[in-house]
Every structure is written in C-alpha cells, then in structure tokens.
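J.: my_file_8.cif is reproduced below (mmCIF, C-alpha atoms).
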data_input
loop_
_atom_site.label_atom_id
_atom_site.label_comp_id
_atom_site.auth_asym_id
_atom_site.auth_seq_id
_atom_site.Cartn_x
_atom_site.Cartn_y
_atom_site.Cartn_z
CA MET X 578 106.16 105.96 85.31
CA PHE X 579 104.83 103.53 87.88
CA LYS X 580 106.15 100.23 89.09
CA GLN X 581 105.69 97.68 91.78
CA VAL X 582 108.75 96.43 93.63
CA ILE X 583 108.84 93.14 95.49
CA ILE X 584 111.81 92.37 97.71
CA VAL X 585 112.70 88.80 98.68
CA ARG X 586 114.92 87.72 101.59
CA LYS X 587 117.76 85.60 100.35
CA ASP X 588 118.66 84.16 103.76
CA ILE X 589 115.60 81.90 103.82
CA LYS X 590 115.66 78.64 101.93
CA MET X 591 112.68 78.69 99.57
CA ASP X 592 112.38 76.94 96.22
CA LYS X 593 111.22 78.79 93.11
CA GLY X 594 107.55 77.84 93.57
CA LYS X 595 107.56 79.02 97.15
CA ILE X 596 109.22 82.30 96.15
CA ALA X 597 106.67 82.81 93.39
CA ALA X 598 103.77 82.27 95.79
CA GLN X 599 105.21 84.71 98.35
CA VAL X 600 105.83 87.31 95.65
CA ALA X 601 102.26 86.91 94.39
CA HIS X 602 100.91 87.39 97.93
CA ALA X 603 102.92 90.60 98.28
CA SER X 604 101.94 91.81 94.83
CA ILE X 605 98.20 91.46 95.43
CA GLU X 606 98.28 92.83 98.97
CA ALA X 607 100.24 95.94 98.02
CA TYR X 608 98.03 96.41 94.94
CA LYS X 609 94.90 96.32 97.11
CA LYS X 610 96.32 99.08 99.30
CA SER X 611 97.15 101.38 96.39
CA ASP X 612 94.76 104.10 95.34
CA ALA X 613 92.81 104.33 92.09
CA LYS X 614 95.22 106.78 90.46
CA GLU X 615 98.25 104.58 91.17
CA LYS X 616 96.41 101.47 89.95
CA ALA X 617 95.24 103.12 86.76
CA GLY X 618 98.62 104.66 85.94
CA TRP X 619 100.46 101.43 86.56
CA GLU X 620 98.04 99.29 84.55
CA SER X 621 98.08 101.68 81.60
CA GLU X 622 101.86 101.24 81.45
CA GLY X 623 101.82 97.43 81.56
CA SER X 624 101.87 96.75 85.33
CA LYS X 625 105.65 96.70 85.64
CA LYS X 626 106.93 94.49 88.45
CA VAL X 627 110.52 94.24 89.57
CA ILE X 628 111.69 91.48 91.90
CA LEU X 629 114.70 92.38 94.03
CA LYS X 630 116.61 90.64 96.79
CA VAL X 631 117.93 91.64 100.18
CA ASP X 632 120.43 89.87 102.41
CA ASP X 633 118.31 89.25 105.49
CA LEU X 634 115.40 90.26 107.70
CA LYS X 635 117.28 93.26 109.06
CA GLY X 636 117.78 94.57 105.53
CA LEU X 637 114.14 93.97 104.65
CA MET X 638 112.85 95.75 107.76
CA SER X 639 115.16 98.67 107.13
CA ILE X 640 113.54 99.16 103.72
CA TYR X 641 110.08 98.63 105.20
CA GLU X 642 110.60 101.40 107.76
CA ARG X 643 111.50 103.78 104.96
CA VAL X 644 108.57 102.95 102.69
CA ARG X 645 105.66 102.11 104.94
CA LYS X 646 104.39 105.66 105.36
CA LYS X 647 105.11 106.73 101.80
CA PHE X 648 103.79 103.96 99.59
CA PRO X 649 101.20 101.21 99.65
CA CYS X 650 103.08 98.20 100.92
CA SER X 651 102.66 94.74 102.35
CA LEU X 652 104.97 92.71 104.52
CA ILE X 653 104.23 89.02 104.01
CA ARG X 654 104.44 86.46 106.82
CA ASP X 655 104.34 82.89 105.70
CA ALA X 656 101.69 80.61 107.14
CA GLY X 657 104.49 78.08 107.47
CA ARG X 658 102.64 75.05 106.20
CA THR X 659 105.64 74.22 104.03
CA GLN X 660 109.39 74.75 103.99
CA ILE X 661 109.78 77.50 106.63
CA GLU X 662 108.76 78.38 110.20
CA PRO X 663 105.23 79.78 110.68
CA GLY X 664 105.18 83.56 110.87
CA THR X 665 108.47 84.07 109.06
CA ILE X 666 108.58 87.37 107.19
CA THR X 667 109.55 86.43 103.65
CA VAL X 668 108.94 89.32 101.23
CA LEU X 669 107.92 92.96 101.03
CA GLY X 670 105.69 94.33 98.29
CA ILE X 671 105.78 98.06 97.51
CA GLY X 672 103.48 99.92 95.16
CA PRO X 673 102.45 100.48 92.45
CA CYS X 674 104.09 103.83 93.04
CA GLU X 675 106.13 106.43 91.16
CA GLU X 676 109.26 104.76 89.82
CA LYS X 677 111.52 107.72 90.52
CA GLU X 678 110.37 107.84 94.14
CA ILE X 679 110.77 104.16 94.96
CA ASP X 680 114.10 104.01 93.11
CA LYS X 681 115.53 106.44 95.64
CA ILE X 682 115.08 103.76 98.28
CA THR X 683 115.60 100.47 96.44
CA LYS X 684 118.00 101.24 93.58
CA HIS X 685 120.95 99.69 95.46
CA LEU X 686 119.25 96.29 95.57
CA LYS X 687 120.00 93.63 92.97
CA LEU X 688 117.51 91.68 90.88
CA LEU X 689 116.53 88.34 92.40
CA MET R 1155 87.39 76.28 100.27
CA PHE R 1156 88.82 78.62 97.68
CA LYS R 1157 92.19 78.74 96.04
CA GLN R 1158 94.05 80.34 93.23
CA VAL R 1159 96.10 78.13 90.92
CA ILE R 1160 98.94 79.44 88.79
CA ILE R 1161 100.48 77.19 86.18
CA VAL R 1162 103.97 77.76 84.81
CA ARG R 1163 105.42 76.38 81.56
CA LYS R 1164 108.56 74.44 82.27
CA ASP R 1165 109.79 74.43 78.65
CA ILE R 1166 110.76 78.12 78.78
CA LYS R 1167 114.02 79.12 80.38
CA MET R 1168 113.18 81.65 83.09
CA ASP R 1169 115.12 82.31 86.29
CA LYS R 1170 113.36 82.43 89.65
CA GLY R 1171 112.86 86.20 89.58
CA LYS R 1172 111.31 86.05 86.13
CA ILE R 1173 109.02 83.21 87.19
CA ALA R 1174 107.97 85.13 90.29
CA ALA R 1175 107.12 88.23 88.22
CA GLN R 1176 105.07 86.20 85.72
CA VAL R 1177 103.23 84.42 88.53
CA ALA R 1178 102.46 87.76 90.19
CA HIS R 1179 101.08 89.12 86.89
CA ALA R 1180 98.79 86.10 86.57
CA SER R 1181 97.75 86.26 90.19
CA ILE R 1182 96.65 89.89 90.04
CA GLU R 1183 94.98 89.60 86.63
CA ALA R 1184 92.92 86.54 87.60
CA TYR R 1185 92.07 88.16 90.94
CA LYS R 1186 90.76 91.26 89.18
CA LYS R 1187 88.45 89.11 87.07
CA SER R 1188 86.99 87.24 90.04
CA ASP R 1189 83.72 88.34 91.60
CA ALA R 1190 83.22 89.80 95.07
CA LYS R 1191 82.03 86.51 96.57
CA GLU R 1192 85.07 84.61 95.33
CA LYS R 1193 87.43 87.36 96.48
CA ALA R 1194 85.87 87.54 99.94
CA GLY R 1195 85.77 83.78 100.45
CA TRP R 1196 89.35 83.34 99.35
CA GLU R 1197 90.69 86.20 101.44
CA SER R 1198 88.87 85.03 104.56
CA GLU R 1199 90.66 81.69 104.22
CA GLY R 1200 94.14 83.17 103.79
CA SER R 1201 94.34 83.69 100.00
CA LYS R 1202 95.71 80.22 99.22
CA LYS R 1203 97.86 80.11 96.11
CA VAL R 1204 99.27 76.99 94.52
CA ILE R 1205 101.96 77.14 91.87
CA LEU R 1206 101.97 74.19 89.44
CA LYS R 1207 103.92 73.31 86.34
CA VAL R 1208 103.04 71.99 82.91
CA ASP R 1209 105.34 70.53 80.25
CA ASP R 1210 104.76 72.99 77.43
CA LEU R 1211 102.48 75.48 75.68
CA LYS R 1212 100.22 72.74 74.36
CA GLY R 1213 99.64 71.48 77.89
CA LEU R 1214 98.98 74.99 79.16
CA MET R 1215 96.49 75.77 76.40
CA SER R 1216 94.70 72.50 76.97
CA ILE R 1217 94.08 73.52 80.60
CA TYR R 1218 93.14 77.04 79.50
CA GLU R 1219 90.45 75.75 77.15
CA ARG R 1220 88.92 73.79 80.00
CA VAL R 1221 88.90 76.62 82.53
CA ARG R 1222 88.34 79.81 80.59
CA LYS R 1223 84.56 79.70 80.62
CA LYS R 1224 84.25 78.32 84.15
CA PHE R 1225 86.61 80.39 86.27
CA PRO R 1226 88.20 83.84 86.30
CA CYS R 1227 91.51 83.32 84.55
CA SER R 1228 94.38 85.12 82.91
CA LEU R 1229 96.83 83.93 80.31
CA ILE R 1230 100.03 85.96 80.59
CA ARG R 1231 102.10 86.94 77.56
CA ASP R 1232 105.51 88.27 78.40
CA ALA R 1233 106.47 91.70 77.11
CA GLY R 1234 109.80 90.08 76.23
CA ARG R 1235 112.06 92.85 77.42
CA THR R 1236 114.22 90.20 79.14
CA GLN R 1237 115.10 86.53 78.77
CA ILE R 1238 112.36 85.38 76.34
CA GLU R 1239 110.74 86.27 73.03
CA PRO R 1240 108.09 89.04 73.09
CA GLY R 1241 104.55 87.68 73.22
CA THR R 1242 105.52 84.30 74.66
CA ILE R 1243 102.74 82.81 76.77
CA THR R 1244 104.38 81.99 80.10
CA VAL R 1245 101.81 81.26 82.78
CA LEU R 1246 98.10 80.81 83.41
CA GLY R 1247 96.35 82.13 86.51
CA ILE R 1248 93.05 80.59 87.59
CA GLY R 1249 90.77 81.81 90.34
CA PRO R 1250 90.23 82.34 93.19
CA CYS R 1251 87.64 79.62 92.70
CA GLU R 1252 86.22 76.61 94.51
CA GLU R 1253 89.07 74.25 95.30
CA LYS R 1254 87.08 71.10 94.59
CA GLU R 1255 86.10 72.41 91.16
CA ILE R 1256 89.54 73.48 89.99
CA ASP R 1257 91.11 70.31 91.41
CA LYS R 1258 89.08 68.29 88.91
CA ILE R 1259 91.07 69.94 86.14
CA THR R 1260 94.51 70.54 87.64
CA LYS R 1261 95.05 67.79 90.21
CA HIS R 1262 97.30 65.80 87.87
CA LEU R 1263 99.82 68.66 87.70
CA LYS R 1264 102.87 68.75 89.96
CA LEU R 1265 104.02 71.62 92.16
CA LEU R 1266 106.56 73.88 90.49
#
Using structure tokens, write down the structure that the file contains.
T.:
Amino acid sequence: MFKQVIIVRKDIKMDKGKIAAQVAHASIEAYKKSDAKEKAGWESEGSKKVILKVDDLKGLMSIYERVRKKFPCSLIRDAGRTQIEPGTITVLGIGPCEEKEIDKITKHLKLL
Amino acid sequence: MFKQVIIVRKDIKMDKGKIAAQVAHASIEAYKKSDAKEKAGWESEGSKKVILKVDDLKGLMSIYERVRKKFPCSLIRDAGRTQIEPGTITVLGIGPCEEKEIDKITKHLKLL
C-alpha cells in the first residue's frame, strides 16, 4: 500500500485556499521526485493522500530530517506574494511511498 | 505566463484538510495531462497555482464544458471514504495553461 503524506505547519496563519495551494505544490514536487514503481503502485491504488499537521517549523524540520534520505520529499517555501513572509517554509510533501514505512515516522501526527 | 487553476465547489461541506487533498488530486491529474511545453513553461515561472471557488456543481460543470477540449484538465470525484457521498464531484483542475487564455473563462470566479 502506497500513500502520499503532506504535513502543514499550524503556527502560520493561512486561509484554506492558501493551504490548498501549498499542499498542491508539495504534492506535485514530491510526486515528481518519486520513481516509476512508486508512482505506478500509488496510482493503481487511487493516489491516496493524507494531510497532517505539525505544531511549528521545528516539528516540521524534525520530520524532514528523518524522511529526506528515505523517501521522495519536498519542502515548500512560499514565494510570499500573499499572506506570509517570503521564503517561509509552509509544508512538507512525502511520497508516494510505502504506507507502513512512512507511518513509522508520521503516525503520531493528527489530520489537518 | 502559465498558471494552473483549481476550482472548488462551495456547496459541499469539506474541512480544510479535505479541500487541500481534493485540490492536490486535481493539481497532479491536470499536470499529468499537460504537455512538455506547458509543464516546462509553468515550472520555469514558479508553478503558479490559483484556487478559486464556484457556487455549485452546475457552475463547475459549466466551466468544465468550456475548458475540457482546450486545456489539460481533471474533474475529481471523491472516493467518499470520509465526509461526503462516494462519487461526488468536488473540484476541477485546469492546466498548466496560458494565463491569458484561462483567464477568459475563469476571471469572474473569486479566490477560495
């Protein structure tokens, strides 16, 4: 079973449209970094995506350090044209990857 | 100038995580249907994504009928495991495509 996990910082004030755009950035960027086997497996199962939240940047970076060498992932910095400071790290996209592997690292996080 | 437009129905009750997941589905699916020139142009400009809203399914389908033969696009039906009925059409992803072309069709819509 494959899934993609996208983790959103909850200490940044973003409205639902802004969150959706950041999540979509992360989703595409992580997808592009995944290999053909991961893509094909994930798509054949319905391209499962799970959106989680983390308290702050420190929490996000802690996850990033644990996943960045194991899974395709993308850390998104906002261009800052709207709502938040330019260069702010907003979300982290991970996978598609094996659900049981990513769950070891992110299962403590709550749904956004 | 290229952009991707994702349009969300506002007559369906979805929380921000659900909306973000639906938008990410649409974003990836429309991206996969775009050609290499559109992908490259869009990415070189920062992969601009704009999230808009429409009143209801009728409004969404009206846009879909106007774009489906002109631009890469994806109409997303929710699997319905959470929050909404299975098979419900939730969002429409369009592009990446030429900004001036898509604006002719979607410029009357408001940001989500």
J.: May I have the residues within 10 Å of stretch 1229-1244 of chain R as a ChimeraX atom specification, using only C-alpha atoms and disregarding those fewer than 2 positions away in the same chain?
T.: /X:623,625 /R:1160-1169,1172-1173,1175-1177,1179-1181,1183-1184,1210-1211,1214-1215,1218,1222,1227,1246-1248
J.: Which is closer to chain X than all the others in R:Ile1259, R:Leu1265, R:Val1208, R:Ala1190, using all atoms listed in the file?
T.: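 Counting all atoms listed in the file, the residue closest to chain X is R:Leu1265.
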J.: Residues of chain R near chain X: apply a cut-off of 6 Å, count all atoms listed in the file, and supply the list as a VMD selection string.
T.: chain R and resid 1170 to 1171 1174 1178 1182 1205 1266
J.: Just how far from atom CA of R:Cys1251 is atom CA of X:Lys580, in Å to one decimal?
T.: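 Between atom CA of X:Lys580 and atom CA of R:Cys1251 the gap works out to 27.9 Å.
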J.: Would you work out the distance separating atom CA of X:Ser611 from atom CA of R:Met1155, expressed in Å to one decimal?
T.: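 Separation between atom CA of X:Ser611 and atom CA of R:Met1155: 27.2 Å.
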J.: One decimal, in Å: what's the spacing between atom CA of X:Trp619 and atom CA of X:Glu676?
T.: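 Atom CA of X:Glu676 lies 10.0 Å from atom CA of X:Trp619.
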J.: Take every atom of stretch 1250-1265 of chain R listed in the file, pad by 4 Å on each side, and give me the axis-aligned box centre and edge lengths in Å, one decimal, as lines of an AutoDock Vina configuration file.
T.:
center_x = 95.1
center_y = 74.1
center_z = 90.7
size_x = 25.9
size_y = 24.5
size_z = 17.2
J.: From the list X:Lys647, X:Lys687, X:Lys635, X:Lys610, which residue is nearest X:Glu675 when using all atoms listed in the file?
T.: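 When distances to X:Glu675 are compared using all atoms listed in the file, the smallest one comes from X:Lys647.
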